[in-house]
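Source file: my_file.cif (mmCIF, C-alpha atoms and all ligand atoms)
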data_final
loop_
_atom_site.label_atom_id
_atom_site.label_comp_id
_atom_site.auth_asym_id
_atom_site.auth_seq_id
_atom_site.Cartn_x
_atom_site.Cartn_y
_atom_site.Cartn_z
CA MET X 1381 149.00 93.15 120.73
CA THR X 1382 148.80 96.86 120.16
CA LYS X 1383 150.10 99.01 122.90
CA ILE X 1384 147.53 101.18 124.55
CA GLN X 1385 148.70 104.75 124.34
CA ALA X 1386 148.42 106.97 127.32
CA MET X 1387 145.56 109.42 126.98
CA PRO X 1388 146.63 113.05 126.83
CA ALA X 1389 145.63 115.04 129.85
CA VAL X 1390 142.02 116.10 129.44
CA GLY X 1391 142.67 119.75 130.09
CA LYS X 1392 145.50 119.91 127.57
CA ALA X 1393 143.62 118.24 124.69
CA SER X 1394 140.56 120.40 125.10
CA LEU X 1395 142.64 123.55 124.67
CA ASP X 1396 143.18 122.78 120.99
CA ALA X 1397 140.06 124.17 119.32
CA ALA X 1398 140.61 122.13 116.14
CA VAL X 1399 140.33 118.81 117.97
CA ARG X 1400 136.80 117.49 118.02
CA PRO X 1401 134.93 114.28 117.24
CA ARG X 1402 134.81 113.72 113.50
CA PRO X 1403 131.95 111.95 111.71
CA LEU X 1404 132.56 109.67 108.73
CA ALA X 1405 134.18 111.37 105.76
CA GLY X 1406 131.02 111.90 103.73
CA VAL X 1407 128.76 113.23 106.45
CA PHE X 1408 129.53 116.91 106.03
CA SER X 1409 129.10 116.66 102.27
CA ILE X 1410 125.45 115.73 102.79
CA ASP X 1411 123.02 118.45 101.77
CA PRO X 1412 120.30 118.06 104.39
CA TYR X 1413 116.97 116.93 102.94
CA VAL X 1414 114.62 119.87 102.54
CA PRO X 1415 110.98 118.79 102.73
CA GLY X 1416 108.26 120.42 100.63
CA LYS X 1417 107.00 123.76 101.92
CA SER X 1418 103.77 123.66 103.88
CA SER X 1419 102.87 127.30 104.39
CA ALA X 1420 102.23 130.39 102.32
CA PRO X 1421 102.83 133.53 104.37
CA GLY X 1422 99.78 135.78 104.53
CA VAL X 1423 97.46 133.37 102.77
CA ALA X 1424 94.48 132.11 104.76
CA LYS X 1425 93.74 128.86 102.94
CA VAL X 1426 96.65 126.70 101.93
CA TYR X 1427 96.63 123.73 99.56
CA LYS X 1428 99.71 121.65 100.20
CA LEU X 1429 100.58 119.97 96.95
CA SER X 1430 104.27 119.65 97.68
CA SER X 1431 104.77 116.33 99.46
CA ASN X 1432 102.73 113.77 97.51
CA GLU X 1433 100.32 113.24 100.37
CA THR X 1434 96.90 111.83 99.53
CA PRO X 1435 93.96 114.23 99.33
CA LEU X 1436 91.70 111.44 100.66
CA GLY X 1437 93.47 111.15 104.00
CA PRO X 1438 93.78 107.84 105.84
CA SER X 1439 91.11 105.17 106.14
CA PRO X 1440 88.67 105.70 109.04
CA LEU X 1441 89.76 102.23 110.22
CA ALA X 1442 93.34 103.49 110.49
CA ILE X 1443 92.30 106.56 112.44
CA GLU X 1444 90.29 104.41 114.84
CA ALA X 1445 93.25 102.06 115.36
CA PHE X 1446 95.54 105.00 116.03
CA ARG X 1447 93.11 106.35 118.64
CA SER X 1448 92.90 102.98 120.41
CA ALA X 1449 96.67 102.82 120.50
CA ALA X 1450 96.47 105.74 122.93
CA ASP X 1451 95.32 103.26 125.59
CA HIS X 1452 98.66 101.43 125.44
CA LEU X 1453 101.28 104.13 125.32
CA ASP X 1454 103.14 102.84 128.37
CA ALA X 1455 104.03 99.46 126.89
CA TYR X 1456 106.89 98.76 124.51
CA PRO X 1457 105.57 97.62 121.14
CA ASP X 1458 106.22 94.21 119.63
CA GLY X 1459 109.70 94.81 118.22
CA THR X 1460 109.04 92.37 115.40
CA ALA X 1461 105.82 94.13 114.33
CA GLY X 1462 104.35 90.64 114.04
CA VAL X 1463 100.71 91.66 113.59
CA LEU X 1464 101.61 94.09 110.86
CA ARG X 1465 103.93 91.72 109.01
CA ALA X 1466 101.19 89.10 109.07
CA ALA X 1467 98.69 91.60 107.66
CA ILE X 1468 101.12 92.66 104.92
CA GLY X 1469 101.93 89.04 104.11
CA LYS X 1470 98.25 88.20 103.78
CA ARG X 1471 97.43 91.26 101.68
CA PHE X 1472 100.29 90.82 99.20
CA GLY X 1473 100.82 87.05 99.31
CA LEU X 1474 104.24 87.29 100.96
CA ASP X 1475 106.07 85.33 103.63
CA PRO X 1476 105.93 87.50 106.79
CA ALA X 1477 109.36 86.19 107.79
CA ARG X 1478 110.78 88.06 104.83
CA ILE X 1479 109.23 91.39 105.71
CA VAL X 1480 111.00 94.04 107.79
CA CYS X 1481 109.16 97.13 108.96
CA GLY X 1482 110.67 100.53 109.47
CA ASN X 1483 110.06 104.02 110.75
CA GLY X 1484 109.06 105.08 107.25
CA SER X 1485 110.69 103.44 104.27
CA ASP X 1486 113.36 106.14 104.61
CA GLU X 1487 114.66 104.28 107.65
CA LEU X 1488 114.86 101.05 105.67
CA LEU X 1489 116.79 102.79 102.90
CA HIS X 1490 119.26 104.04 105.52
CA LEU X 1491 119.48 100.62 107.17
CA LEU X 1492 120.13 98.95 103.82
CA ALA X 1493 122.87 101.45 103.06
CA SER X 1494 124.53 101.02 106.43
CA ALA X 1495 124.33 97.23 106.31
CA TYR X 1496 125.78 96.91 102.81
CA ILE X 1497 127.90 100.01 102.16
CA GLY X 1498 131.15 100.79 103.95
CA PRO X 1499 133.69 103.58 103.55
CA GLY X 1500 134.82 103.71 99.92
CA ASP X 1501 132.06 101.45 98.64
CA GLU X 1502 129.83 102.72 95.88
CA GLY X 1503 126.07 103.10 95.77
CA ILE X 1504 124.37 103.86 92.47
CA PHE X 1505 121.20 105.86 91.90
CA THR X 1506 119.78 107.61 88.88
CA GLU X 1507 120.21 111.19 87.71
CA HIS X 1508 116.92 112.55 89.04
CA GLY X 1509 116.41 109.88 91.68
CA PHE X 1510 115.00 110.34 95.17
CA LEU X 1511 117.41 112.42 97.30
CA VAL X 1512 117.37 110.07 100.27
CA TYR X 1513 119.56 107.53 98.38
CA LYS X 1514 122.48 109.92 98.16
CA ILE X 1515 122.08 110.91 101.80
CA ALA X 1516 121.97 107.27 102.93
CA ILE X 1517 125.05 106.35 100.87
CA LEU X 1518 127.07 109.30 102.19
CA ALA X 1519 125.90 108.66 105.75
CA ALA X 1520 127.27 105.14 105.48
CA GLY X 1521 130.63 106.51 104.35
CA GLY X 1522 130.04 105.38 100.78
CA VAL X 1523 130.56 107.06 97.43
CA PRO X 1524 127.42 108.16 95.56
CA VAL X 1525 127.50 107.27 91.87
CA VAL X 1526 124.96 108.79 89.49
CA ALA X 1527 123.66 106.93 86.43
CA LYS X 1528 122.32 109.10 83.59
CA GLU X 1529 118.65 108.90 82.72
CA THR X 1530 117.09 108.98 79.28
CA ARG X 1531 114.18 111.37 78.90
CA LEU X 1532 113.88 111.61 82.69
CA THR X 1533 113.61 107.83 82.92
CA ALA X 1534 116.00 105.36 84.50
CA ASN X 1535 118.19 103.67 81.93
CA VAL X 1536 119.17 100.08 82.72
CA ASP X 1537 122.29 100.15 80.54
CA ALA X 1538 123.46 103.41 82.10
CA ILE X 1539 123.05 101.87 85.56
CA LEU X 1540 124.92 98.72 84.51
CA GLY X 1541 127.63 100.91 82.98
CA LYS X 1542 128.30 102.41 86.42
CA VAL X 1543 128.84 99.09 88.18
CA THR X 1544 132.39 98.52 89.43
CA SER X 1545 133.97 96.07 91.84
CA ARG X 1546 133.18 98.62 94.59
CA THR X 1547 129.44 98.74 93.84
CA LYS X 1548 127.36 97.37 96.70
CA VAL X 1549 123.87 98.74 96.21
CA VAL X 1550 121.71 100.16 93.40
CA PHE X 1551 118.81 102.30 94.60
CA PHE X 1552 116.03 102.68 92.08
CA ALA X 1553 112.58 104.21 92.57
CA ASN X 1554 109.84 102.72 90.43
CA PRO X 1555 107.92 104.91 89.76
CA ASN X 1556 110.51 107.60 90.43
CA ASN X 1557 109.96 110.75 92.45
CA PRO X 1558 110.06 113.58 91.29
CA THR X 1559 109.89 112.60 87.61
CA GLY X 1560 106.93 110.20 87.86
CA THR X 1561 108.49 107.96 85.22
CA TYR X 1562 108.73 104.19 85.61
CA LEU X 1563 110.41 101.20 84.05
CA PRO X 1564 108.26 98.35 82.77
CA VAL X 1565 108.65 95.07 84.60
CA ALA X 1566 110.68 93.53 81.76
CA GLU X 1567 113.33 96.24 82.10
CA VAL X 1568 113.48 95.87 85.88
CA GLU X 1569 113.92 92.14 85.38
CA ARG X 1570 116.72 92.77 82.91
CA LEU X 1571 118.41 95.00 85.47
CA ALA X 1572 118.07 92.36 88.18
CA ASP X 1573 119.39 89.67 85.83
CA SER X 1574 122.36 91.72 84.65
CA LEU X 1575 123.66 93.01 87.97
CA PRO X 1576 126.46 91.05 89.65
CA ARG X 1577 124.87 88.71 92.16
CA ASP X 1578 126.63 90.37 95.08
CA VAL X 1579 125.17 93.79 94.28
CA LEU X 1580 121.94 94.57 96.09
CA LEU X 1581 119.14 96.05 93.97
CA VAL X 1582 116.77 98.14 96.08
CA ILE X 1583 113.51 98.86 94.27
CA ASP X 1584 111.70 101.68 96.02
CA ALA X 1585 108.03 101.19 95.19
CA ALA X 1586 106.63 104.03 97.31
CA TYR X 1587 104.11 104.91 94.59
CA ALA X 1588 103.33 101.36 93.44
CA GLU X 1589 99.58 101.60 94.00
CA TYR X 1590 99.31 104.63 91.73
CA ALA X 1591 101.14 102.95 88.86
CA THR X 1592 98.13 101.52 87.07
CA GLN X 1593 100.02 100.95 83.82
CA THR X 1594 99.64 97.33 82.72
CA ASP X 1595 103.37 96.76 82.21
CA TYR X 1596 104.22 97.95 85.74
CA ALA X 1597 104.92 95.62 88.65
CA THR X 1598 106.37 96.29 92.10
CA GLY X 1599 109.15 93.76 91.60
CA GLN X 1600 108.12 91.56 94.51
CA ASP X 1601 108.30 88.50 92.24
CA LEU X 1602 111.95 89.31 91.57
CA VAL X 1603 112.59 89.20 95.32
CA SER X 1604 111.13 85.73 95.63
CA SER X 1605 113.47 84.29 93.04
CA ARG X 1606 116.73 86.12 93.81
CA GLU X 1607 119.14 86.72 96.67
CA ASN X 1608 119.93 90.33 95.76
CA VAL X 1609 116.64 92.18 95.21
CA VAL X 1610 114.71 94.13 97.85
CA VAL X 1611 111.44 96.01 97.40
CA THR X 1612 110.56 98.83 99.79
CA ARG X 1613 106.99 100.07 100.30
CA THR X 1614 105.44 102.80 102.39
CA PHE X 1615 102.27 103.71 104.26
CA SER X 1616 103.04 107.41 103.73
CA LYS X 1617 101.57 107.84 100.30
CA ILE X 1618 98.35 106.12 99.25
CA HIS X 1619 97.55 104.99 102.81
CA GLY X 1620 97.69 108.60 103.97
CA LEU X 1621 99.81 107.81 107.03
CA ALA X 1622 102.90 109.94 106.41
CA SER X 1623 102.84 111.30 109.96
CA VAL X 1624 102.73 107.83 111.52
CA ARG X 1625 106.09 106.96 109.90
CA LEU X 1626 105.71 103.44 108.61
CA GLY X 1627 107.32 101.54 105.78
CA TRP X 1628 108.28 97.96 105.06
CA CYS X 1629 110.44 95.92 102.79
CA TYR X 1630 110.23 92.48 101.26
CA ALA X 1631 113.68 90.98 101.05
CA PRO X 1632 115.70 87.77 100.80
CA ALA X 1633 116.09 85.97 104.15
CA ASP X 1634 119.73 86.99 104.41
CA VAL X 1635 118.93 90.67 103.95
CA CYS X 1636 116.14 90.48 106.54
CA ASP X 1637 118.60 88.86 108.92
CA ALA X 1638 121.08 91.71 108.39
CA LEU X 1639 118.43 94.40 108.81
CA ASN X 1640 117.02 92.78 111.93
CA ARG X 1641 120.47 92.77 113.52
CA ILE X 1642 121.17 96.46 112.96
CA ARG X 1643 117.76 98.09 113.22
CA PRO X 1644 116.73 99.75 116.45
CA PRO X 1645 114.76 97.07 118.34
CA PHE X 1646 111.54 99.13 118.50
CA ASN X 1647 111.82 101.08 115.26
CA THR X 1648 108.11 100.94 114.51
CA SER X 1649 105.84 102.31 117.22
CA GLY X 1650 102.88 100.43 118.64
CA ALA X 1651 100.56 103.02 117.12
CA ALA X 1652 102.20 102.59 113.71
CA ILE X 1653 101.90 98.80 113.85
CA GLN X 1654 98.18 98.87 114.74
CA THR X 1655 97.37 101.72 112.36
CA GLY X 1656 99.14 100.12 109.41
CA ALA X 1657 97.49 96.76 110.00
CA ALA X 1658 94.05 98.40 110.16
CA SER X 1659 94.70 100.43 107.03
CA LEU X 1660 95.41 97.27 105.07
CA GLN X 1661 91.89 96.04 105.88
CA ASP X 1662 90.30 98.93 104.00
CA GLU X 1663 90.89 97.96 100.39
CA ALA X 1664 87.93 100.05 99.24
CA HIS X 1665 89.67 103.17 100.52
CA ILE X 1666 92.76 102.37 98.47
CA GLU X 1667 90.62 101.68 95.41
CA ARG X 1668 88.97 105.09 95.81
CA ALA X 1669 92.35 106.76 96.06
CA ILE X 1670 93.56 105.03 92.90
CA ALA X 1671 90.43 106.02 90.99
CA HIS X 1672 90.70 109.61 92.19
CA ASN X 1673 94.32 109.75 91.14
CA ASP X 1674 93.76 108.18 87.73
CA ARG X 1675 91.02 110.66 86.97
CA TRP X 1676 92.70 113.84 88.19
CA ARG X 1677 96.24 113.02 87.07
CA GLU X 1678 94.91 112.72 83.54
CA TRP X 1679 92.76 115.83 83.88
CA LEU X 1680 95.63 117.91 85.24
CA ALA X 1681 98.04 116.75 82.53
CA ARG X 1682 95.50 117.63 79.85
CA GLU X 1683 94.50 121.02 81.26
CA ILE X 1684 98.04 122.07 82.10
CA GLY X 1685 99.26 120.87 78.71
CA ALA X 1686 96.57 122.99 77.05
CA LEU X 1687 98.15 126.02 78.72
CA GLY X 1688 101.41 125.27 76.94
CA ILE X 1689 103.12 123.84 80.04
CA GLU X 1690 104.59 120.43 79.38
CA THR X 1691 104.15 117.67 81.95
CA THR X 1692 106.05 114.39 82.13
CA PRO X 1693 103.74 111.35 81.83
CA SER X 1694 103.46 110.12 85.41
CA ALA X 1695 102.87 106.79 87.11
CA GLY X 1696 102.69 108.46 90.52
CA ASN X 1697 100.29 110.79 92.32
CA PHE X 1698 102.11 113.85 91.05
CA LEU X 1699 103.13 115.59 87.86
CA LEU X 1700 106.37 117.25 86.86
CA LEU X 1701 105.69 120.60 85.20
CA HIS X 1702 108.28 122.02 82.81
CA PHE X 1703 108.85 125.75 82.42
CA ALA X 1704 111.03 127.63 79.96
CA ASP X 1705 113.83 128.15 82.49
CA PRO X 1706 114.54 128.19 86.24
CA ALA X 1707 113.47 131.82 86.63
CA ARG X 1708 110.10 131.15 85.04
CA ALA X 1709 109.59 128.11 87.31
CA ALA X 1710 110.45 130.24 90.35
CA ASP X 1711 107.99 132.92 89.18
CA ALA X 1712 105.25 130.33 88.77
CA ASP X 1713 106.07 128.96 92.23
CA ARG X 1714 105.75 132.44 93.79
CA PHE X 1715 102.59 133.20 91.83
CA LEU X 1716 100.85 130.00 92.93
CA THR X 1717 102.11 130.31 96.51
CA SER X 1718 100.54 133.76 96.72
CA ARG X 1719 97.23 131.97 96.11
CA GLY X 1720 97.95 129.33 98.74
CA LEU X 1721 98.87 126.68 96.17
CA ILE X 1722 102.11 125.11 97.28
CA LEU X 1723 104.06 123.05 94.78
CA ARG X 1724 107.50 121.53 95.15
CA ALA X 1725 110.60 123.20 93.74
CA VAL X 1726 112.89 120.46 92.48
CA GLY X 1727 116.16 122.25 91.88
CA ALA X 1728 117.82 119.88 94.34
CA TYR X 1729 116.90 117.06 91.93
CA GLY X 1730 118.68 118.77 89.04
CA LEU X 1731 115.39 120.09 87.67
CA PRO X 1732 115.48 123.82 88.44
CA HIS X 1733 113.15 124.62 85.49
CA CYS X 1734 110.46 122.29 86.86
CA LEU X 1735 107.90 122.19 89.65
CA ARG X 1736 106.31 119.06 91.04
CA LEU X 1737 102.57 119.12 91.62
CA THR X 1738 100.84 116.54 93.82
CA VAL X 1739 97.41 115.45 92.57
CA GLY X 1740 95.07 117.03 95.10
CA ALA X 1741 91.38 117.16 95.85
CA GLU X 1742 89.14 118.45 93.08
CA GLU X 1743 89.04 121.98 94.50
CA ALA X 1744 92.83 122.25 94.67
CA ASN X 1745 93.30 120.78 91.20
CA ARG X 1746 90.90 123.28 89.66
CA LEU X 1747 92.55 126.16 91.51
CA VAL X 1748 95.99 125.10 90.25
CA VAL X 1749 94.83 125.08 86.65
CA GLU X 1750 93.12 128.44 87.14
CA GLY X 1751 96.27 129.80 88.77
CA LEU X 1752 98.51 128.56 86.00
CA ARG X 1753 96.14 129.98 83.40
CA ASP X 1754 96.38 133.39 85.03
CA PHE X 1755 100.14 133.06 85.39
CA VAL X 1756 100.56 132.19 81.72
CA SER X 1757 98.29 134.98 80.45
CA GLN X 1758 99.98 137.48 82.76
CA GLY X 1759 103.36 136.41 81.36
CA ASN X 1760 102.05 136.77 77.83
CA ALA X 1761 100.73 140.26 78.60
CA ILE X 1762 104.14 141.28 79.92
CA GLY X 1763 105.75 139.68 76.88
C1 LIG X 1801 107.69 109.52 99.77
C2 LIG X 1801 108.72 108.57 99.32
C3 LIG X 1801 109.13 107.54 100.13
C4 LIG X 1801 108.46 107.29 101.46
O1 LIG X 1801 109.20 107.65 102.52
P1 LIG X 1801 108.65 107.28 103.97
O2 LIG X 1801 109.87 107.37 104.79
O3 LIG X 1801 108.08 105.91 103.92
O4 LIG X 1801 107.63 108.31 104.33
C5 LIG X 1801 110.10 106.66 99.69
N1 LIG X 1801 110.61 106.79 98.45
C6 LIG X 1801 110.21 107.76 97.62
C7 LIG X 1801 110.76 107.80 96.25
C8 LIG X 1801 109.26 108.69 98.03
O5 LIG X 1801 108.89 109.66 97.22
#

Starting from the file, give its structure as structure tokens.
Ligand SMILES: *Cc1c(COP(=O)(O)O)cnc(C)c1O
Amino acid sequence: MTKIQAMPAVGKASLDAAVRPRPLAGVFSIDPYVPGKSSAPGVAKVYKLSSNETPLGPSPLAIEAFRSAADHLDAYPDGTAGVLRAAIGKRFGLDPARIVCGNGSDELLHLLASAYIGPGDEGIFTEHGFLVYKIAILAAGGVPVVAKETRLTANVDAILGKVTSRTKVVFFANPNNPTGTYLPVAEVERLADSLPRDVLLVIDAAYAEYATQTDYATGQDLVSSRENVVVTRTFSKIHGLASVRLGWCYAPADVCDALNRIRPPFNTSGAAIQTGAASLQDEAHIERAIAHNDRWREWLAREIGALGIETTPSAGNFLLLHFADPARAADADRFLTSRGLILRAVGAYGLPHCLRLTVGAEEANRLVVEGLRDFVSQGNAIG
């Protein structure tokens, strides 16, 4: 038995200014997540194209469900989100018992990290991967490990090359934000097949609906046949419910069991559960959003390309624009912001010469192209 040491006198300990509660080692090396800007000082009309929100908004069915939830604000929600898991299961052909819902998929990414990564353990993500992975790994006390990408695309061999005996989780967004690139299903399958069986592969499919490429798949079939693959999904993007905070994952039974033990018991609100379930009923709304995105993503890439600004082929609802250097990207950002067009600077993703543009409504898309045209010709005039 360890001997219990006498506590120092309270007054004495508190005199030493250097003594204070200390978080886990990695916590103070976390760069806090900086969301996309949402205002342009002095500009009356703002087009927020910085957070990959849908220009179509949520389904009217979702809005109605959210309003009715106002009648039940006093009651704790169903902590298992049963109605929602059933709706998700029905919509995607999944076993509801293997679905866990979260306060945004961000929460699930954090829960997965804290369930599977301990101090000193390694979590892998790709070079220009979503920033939340690094934050979640560090928050769990783990060591973030970066796998190089090839032409802004995840590289399965580079990921496998980073696996060590300390590796616990690989986080991989497909399609990835902010690059918009994706791996075809055969490559994802190769990754799943090649990872050690005790390493968890987390496939973040936040933009799955927008990936209309025929060789893309969410990876849910890989979950059904393996013990170490999880797919996370969100209601924040194509469902237009970012403010509601709702995400879910499809996972092996064991992983669900772990998540259900550590998650806060009421992590999805009653309003979120009802709103998400209603949104799933409106498939036509999702189809409209996909069609809108297909059309305008292609249009934007073509028009912006014609201005001499390269864009990375995207499977998401956004485009990565490449400028000559970081200063030019910052100039373009300021120029567009002065017109109320807010894009996302992606220096934090190791892409300081790029800006990310969310596919917006027709009006916003046309204004962006007009703005970039003026920016480019102004730059040419100056030399
Ligand atoms: C937007 C986004 C999410 C969604 O986060 P939520 O917490 O569900 O809003 C997850 N992963 C990626 C890569 C994203 O871009």

Check the smallest atom-to-atom distance from each of X:Gly1469, X:Pro1499, X:Gly1484, X:Pro1732 to ligand LIG 1801 (chain X) using only C-alpha atoms and all ligand atoms, then report the winner. X:Gly1484

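Each of X:Asp1501, X:Asp1705, X:Glu1567, X:Asp1584 was compared to ligand LIG 1801 (chain X) using only C-alpha atoms and all ligand atoms, and X:Asp1584 turns out to be the nearest.
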
Residues of chain X within 7 Å of ligand LIG 1801 (chain X): nearest atom pair and distance (Å, one decimal) for each, counting only C-alpha atoms and all ligand atoms, sorted by chain and number, as CSV?
residue,atom,partner,partner_atom,distance
X:Asn1432,CA,X:LIG1801,C1,6.9
X:Asn1483,CA,X:LIG1801,O2,6.8
X:Gly1484,CA,X:LIG1801,O2,3.5
X:Ser1485,CA,X:LIG1801,O3,3.6
X:Asp1486,CA,X:LIG1801,O2,3.7
X:Glu1487,CA,X:LIG1801,O2,6.4
X:Phe1510,CA,X:LIG1801,C7,5.1
X:Ala1553,CA,X:LIG1801,C7,5.5
X:Asn1556,CA,X:LIG1801,C7,5.8
X:Asn1557,CA,X:LIG1801,C7,4.9
X:Asp1584,CA,X:LIG1801,N1,5.8
X:Ala1585,CA,X:LIG1801,N1,7.0
X:Ala1586,CA,X:LIG1801,C5,5.0
X:Arg1613,CA,X:LIG1801,O3,7.0
X:Thr1614,CA,X:LIG1801,O3,4.4
X:Phe1615,CA,X:LIG1801,O3,6.2
X:Ser1616,CA,X:LIG1801,O4,4.7
X:Lys1617,CA,X:LIG1801,C1,6.4
X:Ala1622,CA,X:LIG1801,O4,5.4
X:Arg1625,CA,X:LIG1801,O4,5.9
X:Leu1626,CA,X:LIG1801,O3,5.8
X:Gly1627,CA,X:LIG1801,O3,4.8

So which residues touch Gly1740 (chain X) within 9 Å, counting only C-alpha atoms, skipping near sequence neighbours fewer than 2 positions away, as a PyMOL selection string? chain X and resi 1427-1429+1432-1436+1673+1676+1697-1698+1737-1738+1742-1745

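Coordinates place CA of Thr1530 (chain X) at a distance of 23.3 Å from CA of Ile1684 (chain X).
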
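Nearest to Arg1471 (chain X) of all the residues X:Leu1580, X:Glu1663, X:Asp1458, X:Thr1594 is X:Glu1663, counting all atoms listed in the file.
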
Please provide as a PyMOL selection string all residues within 12 Å of Ile1479 (chain X), with the sequence filter that same-chain residues fewer than 5 positions apart are discarded (counting only C-alpha atoms). chain X and resi 1460-1470+1472-1474+1488+1600+1603-1604+1610-1613+1627-1637+1639-1640

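The gap separating CA of Leu1700 (chain X) from CA of Leu1752 (chain X) is 13.8 Å, in Å to one decimal.
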
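Going from CA of Gly1459 (chain X) over to CA of Thr1648 (chain X), you cover 7.3 Å.
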
Could you give me, as a ChimeraX atom specification, the residues within 10 Å of Arg1531 (chain X), counting all atoms listed in the file and dropping anything in the same chain fewer than 5 positions from it? /X:1559,1561,1692

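Using all atoms listed in the file, the shortest contact distance between Ser1439 (chain X) and any of X:Leu1621, X:Leu1563, X:Ala1397, X:Leu1491 is found at X:Leu1621.
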
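Closest to Ala1664 (chain X) among X:Ala1710, X:His1619, X:Ser1605, X:Thr1506 is X:His1619, based on only C-alpha atoms.
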
Nearby residues (all atoms listed in the file) at most 6 Å from region 1544-1551 of chain X, same-chain spacing under 4 positions excluded, as an NGL selection string: :X and (1501-1505 or 1579-1582)

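Among the candidates X:Leu1492, X:Ile1642, X:Leu1441, X:Ala1652, the residue lying nearest to Pro1457 (chain X) is X:Ala1652 (atoms considered: only C-alpha atoms).
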
Might you pull out every residue within 6 Å of region 1716-1724 of chain X, with all atoms listed in the file counted and same-chain residues fewer than 2 positions away left off, and present them as number ranges by chain? X: 1416, 1420, 1423, 1425-1430, 1713-1714, 1735-1737
